[in-house]
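Student: So here's query-v4.cif (mmCIF, C-alpha atoms).
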data_target
loop_
_atom_site.label_atom_id
_atom_site.label_comp_id
_atom_site.auth_asym_id
_atom_site.auth_seq_id
_atom_site.Cartn_x
_atom_site.Cartn_y
_atom_site.Cartn_z
CA MET A 1 -21.43 -13.15 10.88
CA PRO A 2 -21.43 -9.69 9.28
CA SER A 3 -21.96 -9.11 5.59
CA LEU A 4 -19.78 -7.07 3.26
CA PHE A 5 -22.41 -4.34 3.52
CA ASP A 6 -22.47 -3.96 7.30
CA PRO A 7 -20.60 -1.05 8.92
CA ILE A 8 -17.32 -1.57 10.75
CA GLN A 9 -15.21 0.50 13.11
CA LEU A 10 -11.67 0.79 11.77
CA GLY A 11 -9.85 2.51 14.59
CA SER A 12 -11.18 6.04 14.75
CA VAL A 13 -13.04 5.75 11.44
CA ARG A 14 -16.55 4.34 11.07
CA ALA A 15 -16.83 2.69 7.66
CA PRO A 16 -20.38 2.21 6.33
CA ASN A 17 -19.48 -1.06 4.60
CA ARG A 18 -16.67 -3.60 4.44
CA VAL A 19 -15.93 -3.20 0.73
CA LEU A 20 -12.69 -1.22 0.94
CA MET A 21 -10.72 0.19 -1.97
CA ALA A 22 -7.19 -1.23 -2.02
CA PRO A 23 -4.19 0.99 -2.75
CA LEU A 24 -3.62 1.14 -6.50
CA THR A 25 -0.67 2.86 -8.19
CA ARG A 26 -2.09 4.70 -11.22
CA GLY A 27 0.59 7.16 -12.38
CA ARG A 28 -1.61 10.24 -12.80
CA ALA A 29 0.44 12.83 -10.86
CA THR A 30 2.85 15.25 -12.54
CA ARG A 31 6.41 14.35 -13.48
CA ASP A 32 7.41 16.16 -10.28
CA PHE A 33 5.11 13.92 -8.19
CA VAL A 34 2.38 16.49 -7.53
CA PRO A 35 -1.29 15.34 -7.53
CA THR A 36 -3.47 16.52 -10.41
CA PRO A 37 -7.17 17.54 -10.64
CA ARG A 38 -8.15 14.32 -12.42
CA MET A 39 -7.13 12.45 -9.26
CA ALA A 40 -9.90 14.25 -7.35
CA THR A 41 -12.43 13.01 -9.89
CA TYR A 42 -11.09 9.45 -9.75
CA TYR A 43 -11.18 9.11 -5.97
CA ALA A 44 -14.52 10.91 -5.55
CA GLN A 45 -16.08 8.51 -8.06
CA ARG A 46 -15.15 5.68 -5.64
CA ALA A 47 -16.28 7.36 -2.42
CA SER A 48 -18.91 4.67 -1.74
CA ALA A 49 -16.09 2.39 -0.55
CA GLY A 50 -16.16 1.74 3.17
CA LEU A 51 -12.69 3.30 3.15
CA ILE A 52 -10.39 4.33 0.30
CA LEU A 53 -6.72 3.48 0.68
CA SER A 54 -4.85 5.88 -1.57
CA GLU A 55 -2.31 4.85 -4.14
CA ALA A 56 1.17 4.41 -2.69
CA THR A 57 2.50 7.90 -1.98
CA GLY A 58 6.17 8.75 -1.53
CA ILE A 59 7.35 9.96 1.86
CA SER A 60 10.52 11.54 0.45
CA ARG A 61 12.46 12.15 -2.72
CA GLU A 62 14.75 9.27 -1.72
CA GLY A 63 11.85 6.87 -1.38
CA LEU A 64 9.92 7.42 -4.62
CA GLY A 65 10.85 5.85 -7.93
CA TRP A 66 7.70 5.39 -10.00
CA PRO A 67 6.76 7.60 -12.96
CA HIS A 68 4.03 10.13 -12.20
CA ALA A 69 3.37 8.78 -8.68
CA PRO A 70 2.38 11.35 -6.04
CA GLY A 71 4.37 12.37 -2.98
CA LEU A 72 3.70 13.90 0.42
CA TRP A 73 6.97 15.57 1.37
CA SER A 74 6.43 19.14 0.09
CA ALA A 75 4.03 21.99 0.68
CA GLU A 76 3.10 21.95 -3.01
CA GLN A 77 2.09 18.30 -2.77
CA VAL A 78 0.03 18.94 0.35
CA GLU A 79 -1.89 21.73 -1.33
CA ALA A 80 -2.50 19.58 -4.40
CA TRP A 81 -3.85 16.71 -2.28
CA LYS A 82 -6.41 18.96 -0.56
CA PRO A 83 -8.86 19.05 -3.50
CA VAL A 84 -8.58 15.25 -3.73
CA THR A 85 -9.46 14.56 -0.12
CA GLY A 86 -12.06 17.33 -0.21
CA ALA A 87 -13.76 15.75 -3.22
CA VAL A 88 -13.88 12.38 -1.44
CA HIS A 89 -15.39 13.94 1.68
CA ASP A 90 -17.90 15.97 -0.34
CA ALA A 91 -19.02 12.69 -1.91
CA GLY A 92 -19.46 11.14 1.55
CA GLY A 93 -16.28 9.07 1.59
CA ARG A 94 -13.27 8.42 3.79
CA ILE A 95 -9.64 8.14 2.62
CA PHE A 96 -6.31 7.09 4.17
CA ALA A 97 -2.95 7.99 2.61
CA GLN A 98 -0.68 5.01 2.01
CA LEU A 99 2.89 6.06 2.86
CA TRP A 100 5.59 4.54 0.65
CA HIS A 101 9.37 4.16 0.63
CA MET A 102 10.46 1.90 -2.20
CA GLY A 103 13.98 1.21 -0.93
CA ARG A 104 16.11 -0.63 -3.50
CA LEU A 105 13.31 -0.36 -6.07
CA VAL A 106 14.11 3.33 -6.63
CA HIS A 107 16.31 3.64 -9.70
CA SER A 108 19.26 6.04 -9.49
CA SER A 109 17.80 8.14 -12.31
CA TYR A 110 15.27 9.47 -9.77
CA LEU A 111 18.07 10.30 -7.33
CA GLY A 112 20.46 12.32 -9.43
CA GLY A 113 22.63 9.26 -9.99
CA GLU A 114 22.87 8.31 -6.31
CA ALA A 115 22.31 4.70 -5.31
CA PRO A 116 19.07 3.80 -3.52
CA VAL A 117 18.99 2.56 0.06
CA SER A 118 17.85 -0.79 1.41
CA SER A 119 18.34 -3.09 4.39
CA SER A 120 21.50 -4.47 2.76
CA ALA A 121 23.66 -3.89 -0.31
CA THR A 122 21.55 -5.89 -2.77
CA ARG A 123 20.10 -5.47 -6.24
CA ALA A 124 16.48 -6.16 -7.15
CA PRO A 125 15.70 -8.48 -10.05
CA TYR A 126 13.73 -7.47 -13.14
CA LYS A 127 13.76 -3.87 -14.37
CA ALA A 128 12.73 -0.51 -12.96
CA HIS A 129 10.00 1.72 -14.39
CA THR A 130 11.67 5.05 -15.21
CA TYR A 131 10.95 8.07 -17.37
CA GLU A 132 13.52 6.68 -19.79
CA GLY A 133 11.84 3.27 -20.00
CA ARG A 134 12.59 -0.06 -18.32
CA ILE A 135 16.14 -0.18 -16.89
CA GLU A 136 17.94 -2.69 -14.69
CA TYR A 137 17.91 -1.82 -11.00
CA ASP A 138 20.99 -0.41 -9.25
CA ARG A 139 22.80 -2.08 -6.40
CA ALA A 140 21.48 -0.47 -3.21
CA CYS A 141 23.48 0.84 -0.28
CA ALA A 142 22.71 -0.55 3.14
CA LEU A 143 20.92 2.05 5.27
CA ARG A 144 23.36 3.07 8.02
CA LEU A 145 22.37 3.05 11.68
CA ASP A 146 22.87 6.80 11.85
CA GLU A 147 20.42 7.23 8.96
CA ILE A 148 17.53 5.49 10.74
CA PRO A 149 16.49 8.58 12.77
CA ARG A 150 16.32 10.61 9.57
CA LEU A 151 14.16 7.94 7.95
CA LEU A 152 11.79 8.00 10.92
CA ASP A 153 11.57 11.78 10.61
CA ASP A 154 10.69 11.40 6.90
CA TYR A 155 7.79 9.16 7.87
CA ARG A 156 6.65 11.59 10.59
CA ASN A 157 6.79 14.49 8.14
CA ALA A 158 4.74 12.59 5.56
CA ALA A 159 2.16 11.67 8.21
CA ARG A 160 1.85 15.30 9.30
CA ASN A 161 1.49 16.34 5.67
CA ALA A 162 -1.18 13.68 5.09
CA LEU A 163 -3.29 15.02 7.94
CA ALA A 164 -2.72 18.60 6.80
CA ALA A 165 -3.88 17.55 3.32
CA GLY A 166 -7.16 16.28 4.75
CA PHE A 167 -6.64 12.52 4.86
CA ASP A 168 -8.61 10.68 7.54
CA GLY A 169 -5.60 8.56 8.46
CA ILE A 170 -2.51 6.85 7.10
CA GLN A 171 -1.44 3.37 6.12
CA LEU A 172 2.19 2.24 6.28
CA HIS A 173 3.18 0.36 3.13
CA SER A 174 5.22 -2.56 4.47
CA ALA A 175 4.43 -4.95 1.62
CA ASN A 176 5.31 -5.91 -1.96
CA GLY A 177 9.09 -5.93 -1.61
CA TYR A 178 9.52 -2.25 -0.73
CA LEU A 179 11.78 -0.85 2.00
CA ILE A 180 10.10 -2.18 5.14
CA ASP A 181 9.59 -5.57 3.46
CA GLN A 182 13.29 -5.55 2.51
CA PHE A 183 14.10 -5.33 6.23
CA LEU A 184 11.55 -8.00 7.20
CA ARG A 185 12.63 -10.86 4.96
CA ASP A 186 15.79 -12.89 5.14
CA ASN A 187 16.66 -13.06 1.44
CA SER A 188 17.10 -9.27 1.34
CA ASN A 189 18.24 -8.48 4.90
CA PHE A 190 21.79 -9.64 5.62
CA ARG A 191 22.54 -7.16 8.41
CA ASP A 192 24.50 -8.16 11.49
CA ASP A 193 23.32 -5.28 13.68
CA SER A 194 20.13 -4.72 15.69
CA TYR A 195 18.05 -4.63 12.47
CA GLY A 196 19.18 -7.97 11.06
CA GLY A 197 19.43 -11.64 11.90
CA PRO A 198 16.70 -12.95 14.21
CA ILE A 199 13.06 -12.12 13.59
CA SER A 200 12.94 -9.78 16.58
CA ASN A 201 15.57 -7.63 14.88
CA ARG A 202 14.12 -7.79 11.38
CA ILE A 203 10.73 -6.50 12.57
CA ARG A 204 12.37 -3.69 14.54
CA LEU A 205 12.16 -1.05 11.79
CA LEU A 206 8.50 -1.90 11.13
CA GLY A 207 7.81 -1.33 14.83
CA GLU A 208 9.78 1.90 15.00
CA VAL A 209 8.14 3.38 11.92
CA THR A 210 4.69 2.37 13.15
CA ALA A 211 5.38 4.02 16.50
CA ALA A 212 6.60 7.18 14.75
CA LEU A 213 3.42 7.38 12.69
CA ILE A 214 1.28 6.84 15.78
CA GLU A 215 3.08 9.76 17.44
CA VAL A 216 1.70 11.97 14.69
CA ALA A 217 -1.66 10.47 13.71
CA GLY A 218 -2.66 8.38 16.74
CA ALA A 219 -3.11 4.62 16.72
CA GLY A 220 -6.75 4.89 15.64
CA ARG A 221 -5.74 6.58 12.39
CA THR A 222 -2.70 4.43 11.63
CA ALA A 223 -2.92 1.19 9.64
CA VAL A 224 -0.33 -1.18 8.17
CA ARG A 225 -0.17 -3.34 5.04
CA LEU A 226 1.87 -6.58 4.82
CA SER A 227 2.28 -9.18 2.06
CA PRO A 228 3.00 -12.40 3.95
CA ASN A 229 3.04 -15.13 1.33
CA GLY A 230 5.71 -15.75 -1.27
CA ASP A 231 8.10 -13.75 -3.43
CA SER A 232 7.36 -10.06 -3.84
CA GLN A 233 9.54 -8.26 -6.39
CA GLY A 234 12.47 -10.47 -5.47
CA VAL A 235 11.95 -10.25 -1.70
CA ASP A 236 11.11 -13.50 0.10
CA ASP A 237 11.65 -15.34 3.38
CA SER A 238 12.76 -18.88 4.16
CA ASP A 239 10.25 -19.27 7.01
CA PRO A 240 7.45 -16.72 6.61
CA GLU A 241 4.93 -17.90 9.20
CA PRO A 242 6.95 -17.12 12.36
CA LEU A 243 8.15 -13.87 10.79
CA PHE A 244 4.74 -12.50 9.90
CA THR A 245 2.96 -13.74 13.00
CA ALA A 246 5.64 -12.00 15.08
CA ALA A 247 5.17 -8.83 13.04
CA ALA A 248 1.38 -9.00 13.43
CA ALA A 249 1.60 -9.61 17.18
CA MET A 250 3.91 -6.63 17.52
CA LEU A 251 1.51 -4.45 15.52
CA ALA A 252 -1.37 -5.62 17.72
CA GLY A 253 0.57 -4.29 20.68
CA HIS A 254 0.60 -0.87 19.04
CA GLY A 255 -3.21 -0.90 18.77
CA ILE A 256 -3.28 0.07 15.10
CA ALA A 257 -6.59 0.81 13.37
CA PHE A 258 -6.38 -2.27 11.17
CA LEU A 259 -3.97 -4.62 9.45
CA GLU A 260 -4.30 -5.31 5.73
CA LEU A 261 -2.78 -8.46 4.20
CA ARG A 262 -2.10 -8.87 0.49
CA GLU A 263 -2.26 -12.61 -0.21
CA PRO A 264 -2.66 -13.43 -3.91
CA ASP A 265 -3.79 -16.87 -5.01
CA ALA A 266 -1.38 -17.28 -7.91
CA THR A 267 1.52 -15.68 -9.75
CA GLY A 268 0.74 -12.02 -10.21
CA THR A 269 2.11 -8.52 -10.63
CA PHE A 270 4.46 -8.66 -7.65
CA GLY A 271 5.69 -12.27 -7.82
CA SER A 272 4.78 -15.86 -7.11
CA THR A 273 2.89 -17.30 -4.16
CA ASP A 274 4.54 -20.59 -3.31
CA VAL A 275 3.38 -20.67 0.32
CA PRO A 276 -0.16 -21.00 1.70
CA ARG A 277 -2.13 -18.05 2.98
CA LEU A 278 -0.93 -17.06 6.45
CA SER A 279 -3.99 -15.02 7.38
CA PRO A 280 -5.47 -17.78 9.59
CA ALA A 281 -2.27 -17.87 11.67
CA ILE A 282 -2.07 -14.08 11.74
CA ARG A 283 -5.71 -13.89 12.81
CA LYS A 284 -4.80 -15.79 15.99
CA VAL A 285 -2.28 -13.15 17.11
CA PHE A 286 -3.93 -9.99 15.75
CA PRO A 287 -7.25 -9.28 17.48
CA GLY A 288 -7.88 -5.96 15.75
CA PRO A 289 -9.70 -5.49 12.43
CA LEU A 290 -8.10 -7.67 9.75
CA VAL A 291 -8.54 -6.73 6.09
CA LEU A 292 -7.71 -9.25 3.35
CA ASN A 293 -6.80 -8.35 -0.21
CA SER A 294 -6.11 -9.88 -3.63
CA ASP A 295 -8.10 -12.17 -5.92
CA TYR A 296 -11.39 -11.66 -4.08
CA ASP A 297 -14.82 -11.20 -5.57
CA ALA A 298 -18.04 -10.68 -3.62
CA ALA A 299 -18.60 -14.38 -2.95
CA LYS A 300 -15.03 -15.09 -1.84
CA GLY A 301 -15.01 -11.96 0.29
CA GLN A 302 -18.23 -12.87 2.04
CA ALA A 303 -16.92 -16.39 2.61
CA ALA A 304 -13.83 -14.97 4.36
CA LEU A 305 -16.10 -12.93 6.64
CA ASP A 306 -18.32 -15.95 7.29
CA GLN A 307 -15.31 -18.04 8.24
CA GLY A 308 -14.14 -15.36 10.66
CA VAL A 309 -10.79 -15.02 8.86
CA ALA A 310 -11.41 -11.40 7.86
CA ASP A 311 -13.38 -8.39 9.06
CA ALA A 312 -13.33 -6.57 5.71
CA ILE A 313 -12.01 -7.05 2.18
CA SER A 314 -10.09 -4.55 0.07
CA PHE A 315 -10.67 -4.78 -3.67
CA GLY A 316 -8.15 -3.52 -6.20
CA ARG A 317 -8.60 -4.08 -9.93
CA THR A 318 -12.36 -4.48 -9.55
CA PHE A 319 -12.58 -1.07 -7.83
CA LEU A 320 -10.33 0.39 -10.53
CA ALA A 321 -12.89 -0.63 -13.16
CA ASN A 322 -16.08 -0.16 -11.12
CA PRO A 323 -16.48 3.18 -9.35
CA ASP A 324 -19.75 1.92 -7.86
CA LEU A 325 -18.43 -1.48 -6.76
CA PRO A 326 -20.31 -1.71 -3.41
CA ARG A 327 -23.62 -1.16 -5.19
CA ARG A 328 -22.80 -3.68 -7.91
CA TYR A 329 -21.92 -6.30 -5.31
CA ALA A 330 -24.94 -5.53 -3.12
CA GLU A 331 -27.34 -5.79 -6.03
CA GLY A 332 -25.61 -8.66 -7.82
CA LEU A 333 -24.89 -6.57 -10.91
CA PRO A 334 -22.18 -7.50 -13.46
CA VAL A 335 -18.81 -5.79 -13.14
CA ASN A 336 -16.63 -4.04 -15.70
CA GLU A 337 -13.29 -5.65 -16.52
CA ALA A 338 -10.15 -3.60 -15.88
CA VAL A 339 -8.09 -2.72 -18.97
CA MET A 340 -4.45 -3.37 -18.13
CA ALA A 341 -3.14 -1.22 -20.99
CA THR A 342 -4.37 1.94 -19.24
CA TRP A 343 -3.40 1.14 -15.65
CA TYR A 344 -0.42 3.54 -15.75
CA SER A 345 -1.11 5.54 -18.92
CA ASN A 346 -1.16 9.00 -17.31
CA GLY A 347 -4.43 10.10 -18.93
CA ASP A 348 -8.19 10.06 -18.45
CA ASP A 349 -8.66 6.87 -20.45
CA GLY A 350 -9.03 3.87 -18.17
CA TYR A 351 -9.01 6.18 -15.17
CA ILE A 352 -12.11 8.32 -14.82
CA ASP A 353 -14.16 6.93 -17.73
CA TYR A 354 -15.29 3.55 -16.38
CA PRO A 355 -19.12 3.62 -16.30
CA VAL A 356 -21.33 3.17 -13.28
CA ALA A 357 -24.28 0.79 -13.51
CA ALA A 358 -27.46 2.30 -14.92
CA ALA A 359 -30.15 3.21 -12.41
CA GLY A 360 -32.57 0.35 -11.89
CA SER A 361 -30.31 -2.17 -13.63
#
Kindly transcribe the structure held in the file into structure tokens.

Tutor:
Amino acid sequence: MPSLFDPIQLGSVRAPNRVLMAPLTRGRATRDFVPTPRMATYYAQRASAGLILSEATGISREGLGWPHAPGLWSAEQVEAWKPVTGAVHDAGGRIFAQLWHMGRLVHSSYLGGEAPVSSSATRAPYKAHTYEGRIEYDRACALRLDEIPRLLDDYRNAARNALAAGFDGIQLHSANGYLIDQFLRDNSNFRDDSYGGPISNRIRLLGEVTAALIEVAGAGRTAVRLSPNGDSQGVDDSDPEPLFTAAAAMLAGHGIAFLELREPDATGTFGSTDVPRLSPAIRKVFPGPLVLNSDYDAAKGQAALDQGVADAISFGRTFLANPDLPRRYAEGLPVNEAVMATWYSNGDDGYIDYPVAAAGS
């Protein structure tokens, strides 16, 4: 079996190791969702990852509702991303852009008072992060059938912009209770048209968006992220195994570069996990590279590779706090602990000031 430090082919990209950097929202863009120079420093510091998956990045004004998150729908954003991807490449790294539409998790304050869109007219639990503080979510409007083509065009435009900005590929964010996940799961999708009801309908939008991205970037530079176990920001399913195995089988048919699964062990940032990990079942229907994420350390990650359940592991909070994580794991060095208070603090602290291990340590 391979080790975490062996190379792997992820579609069109050759990764020098299997210690990937998971997508991590950090809130360091401008208030108008434009990347900033400190983001180039942050990502370049972590270029030793086999592959960096960028923080979730909005495909459109409609789809982004997180303070100081970056977007990829305007020329200004594209130009501001170029120094970021250039810094990663100059440091020897590879980076995919994770494309994000938050659906009902976009508060109306980001949309000039307009309601957000979702699979159905529902309201998310908890409270939204806004520039005015934490506020209860709005009731979403169901995305109309005649709006689907426009949504697909938004994804295509973001993919074109990602490539123009210098990204090596793209990852579709279909996890964590955001728009695509809202279509997938039956406690948020109550449609009675071709996008609702049976599993074959609920995975339709995922398939159509994936195909649209492949049109632009090619299958070898298109990846997908799913979160197949338990509640995710109020989104859940009554029978997740047949749903997510069907989704994975469909994605296999598209020949995507890799599939990433977020499967936390216990209650976490995005909700509870009251169902077992579905990665073994998904592994049976998805023959391409499978990347597992959440609650892994080096030992658990290597065990997943040894068991044949995963081909690579993406690390989140540990990569946030350890720019040199592959080296630390390879040499058995201690790791820094992430400071939660600065995860989204919009400054240098807790962002570009985590130390690397001393030479020879």

Student: Go through A:Gln77, A:Ser60, A:Thr245, A:Ser232 one by one, measure the shortest atom-to-atom distance of each to Val106 (chain A) using all atoms listed in the file, and give the residue with the smallest value.

Tutor: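 Among the listed residues, the smallest separation from Val106 (chain A) belongs to A:Ser60.
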
Student: Smallest atom-to-atom distance to Ile52 (chain A): which of A:Gly27, A:Gly93, A:Gly301, A:Pro242, using all atoms listed in the file?

Tutor: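 Of all the options, A:Gly93 lies closest to Ile52 (chain A).
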
Student: If you count all atoms listed in the file, which residues fall within 10 Å of region 211-216 of chain A, apart from same-chain ones fewer than 3 positions away, as a ChimeraX atom specification?

Tutor: /A:99,152-160,163,170-172,205-208,219-223,251,254-256

Student: I'd like the residues picked by the PyMOL selection byres ((chain A and resi 19) around 8) written out as a list of chain:residue names, using the chain letters and numbers from the file.

Tutor: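 Going through the file, the PyMOL selection byres ((chain A and resi 19) around 8) ends up selecting A:Leu4, A:Phe5, A:Asn17, A:Arg18, A:Leu20, A:Met21, A:Ala49, A:Gly50, A:Leu51, A:Ala312, A:Ile313, A:Ser314, A:Phe315, A:Pro326.
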
Student: Mind dumping the selected residues with C-alpha atoms as an mmCIF file, in the coordinates of the input?

Tutor:
data_model
loop_
_atom_site.group_PDB
_atom_site.id
_atom_site.type_symbol
_atom_site.label_atom_id
_atom_site.label_comp_id
_atom_site.auth_asym_id
_atom_site.auth_seq_id
_atom_site.Cartn_x
_atom_site.Cartn_y
_atom_site.Cartn_z
ATOM 1 C CA LEU A 4 -19.780 -7.070 3.260
ATOM 2 C CA PHE A 5 -22.410 -4.340 3.520
ATOM 3 C CA ASN A 17 -19.480 -1.060 4.600
ATOM 4 C CA ARG A 18 -16.670 -3.600 4.440
ATOM 5 C CA LEU A 20 -12.690 -1.220 0.940
ATOM 6 C CA MET A 21 -10.720 0.190 -1.970
ATOM 7 C CA ALA A 49 -16.090 2.390 -0.550
ATOM 8 C CA GLY A 50 -16.160 1.740 3.170
ATOM 9 C CA LEU A 51 -12.690 3.300 3.150
ATOM 10 C CA ALA A 312 -13.330 -6.570 5.710
ATOM 11 C CA ILE A 313 -12.010 -7.050 2.180
ATOM 12 C CA SER A 314 -10.090 -4.550 0.070
ATOM 13 C CA PHE A 315 -10.670 -4.780 -3.670
ATOM 14 C CA PRO A 326 -20.310 -1.710 -3.410
#

Student: Output as JSON lines one row per residue of region 220-335 of chain A within 10 Å of region 347-351 of chain A: the closest atom pair and its distance in Å to one decimal place, counting all atoms listed in the file, sorted by chain and residue number ascending.

Tutor:
{"residue": "A:Leu320", "atom": "CA", "partner": "A:Tyr351", "partner_atom": "CA", "distance": 7.5}
{"residue": "A:Ala321", "atom": "CA", "partner": "A:Gly350", "partner_atom": "CA", "distance": 7.8}
{"residue": "A:Pro323", "atom": "CA", "partner": "A:Tyr351", "partner_atom": "CA", "distance": 9.9}

Student: Nearest to Thr318 (chain A) among A:Val84, A:Ile8, A:Met102, A:Val335, with distances taken over all atoms listed in the file: which residue is it?

Tutor: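 Looking at the shortest contact to Thr318 (chain A), the residue is A:Val335.
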
Student: Go through the shown structure with the PyMOL selection byres ((chain A and resi 187) around 12) and write out the matching residues as a VMD selection string.

Tutor: chain A and resid 119 to 124 177 181 to 186 188 to 191 196 to 197 202 230 to 240

Student: If the PyMOL selection byres ((chain A and resi 69) around 7) were run on this exact file, what residues would it hold? Put them as a list in words.

Tutor: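 Residues picked by the PyMOL selection byres ((chain A and resi 69) around 7): Gly27, Arg28, Ala29, Phe33, Thr57, Trp66, Pro67, His68, Pro70 and Gly71 of chain A.
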
Student: Pick out the closest residue to Gln307 (chain A) from this set: A:Pro287, A:Gly218, A:Gly65, A:Pro280. Count only C-alpha atoms.

Tutor: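 Closest to Gln307 (chain A) of all the choices is A:Pro280.
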
Student: Enter the distance from CA of Ala248 (chain A) to CA of Gln9 (chain A), in Å, rounded to one decimal.

Tutor: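 Here the two named atoms are 19.1 Å from each other.
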
Student: Starting from the structure just given, write a file holding region 26-32 of chain A with all heavy atoms, as a tab-separated table (two decimals), in the first residue's frame.

Tutor:
chain	number	residue	atom	x	y	z
A	26	ARG	N	-11.39	31.31	5.53
A	26	ARG	CA	-10.53	32.07	6.44
A	26	ARG	C	-10.92	33.54	6.56
A	26	ARG	O	-10.44	34.24	7.45
A	26	ARG	CB	-9.05	31.97	6.01
A	26	ARG	CG	-8.45	30.58	5.95
A	26	ARG	CD	-8.60	29.78	7.24
A	26	ARG	NE	-8.26	30.51	8.43
A	26	ARG	CZ	-7.02	30.64	8.92
A	26	ARG	NH1	-6.00	30.10	8.28
A	26	ARG	NH2	-6.81	31.30	10.02
A	27	GLY	N	-11.72	34.09	5.64
A	27	GLY	CA	-12.19	35.45	5.77
A	27	GLY	C	-11.11	36.51	5.70
A	27	GLY	O	-11.10	37.45	6.49
A	28	ARG	N	-10.21	36.38	4.72
A	28	ARG	CA	-9.13	37.37	4.57
A	28	ARG	C	-9.23	38.18	3.27
A	28	ARG	O	-8.30	38.91	2.93
A	28	ARG	CB	-7.77	36.69	4.64
A	28	ARG	CG	-7.10	36.76	6.02
A	28	ARG	CD	-7.83	36.04	7.10
A	28	ARG	NE	-7.10	36.09	8.37
A	28	ARG	CZ	-7.38	35.32	9.42
A	28	ARG	NH1	-8.37	34.45	9.37
A	28	ARG	NH2	-6.69	35.43	10.54
A	29	ALA	N	-10.31	38.07	2.54
A	29	ALA	CA	-10.51	38.91	1.35
A	29	ALA	C	-11.06	40.27	1.79
A	29	ALA	O	-11.27	40.53	2.98
A	29	ALA	CB	-11.47	38.22	0.38
A	30	THR	N	-11.30	41.15	0.83
A	30	THR	CA	-11.88	42.45	1.15
A	30	THR	C	-13.37	42.31	1.43
A	30	THR	O	-13.99	41.26	1.19
A	30	THR	CB	-11.69	43.45	0.01
A	30	THR	OG1	-12.55	43.07	-1.09
A	30	THR	CG2	-10.25	43.50	-0.46
A	31	ARG	N	-13.96	43.38	1.90
A	31	ARG	CA	-15.41	43.39	2.13
A	31	ARG	C	-16.18	43.17	0.83
A	31	ARG	O	-17.32	42.70	0.84
A	31	ARG	CB	-15.82	44.72	2.78
A	31	ARG	CG	-17.27	44.76	3.28
A	31	ARG	CD	-17.59	46.12	3.87
A	31	ARG	NE	-19.01	46.19	4.25
A	31	ARG	CZ	-19.45	46.03	5.49
A	31	ARG	NH1	-18.60	45.80	6.47
A	31	ARG	NH2	-20.74	46.13	5.75
A	32	ASP	N	-15.55	43.49	-0.29
A	32	ASP	CA	-16.17	43.30	-1.61
A	32	ASP	C	-15.74	41.98	-2.24
A	32	ASP	O	-15.88	41.80	-3.45
A	32	ASP	CB	-15.82	44.47	-2.53
A	32	ASP	CG	-16.39	45.78	-2.03
A	32	ASP	OD1	-17.53	45.77	-1.53
A	32	ASP	OD2	-15.70	46.80	-2.12
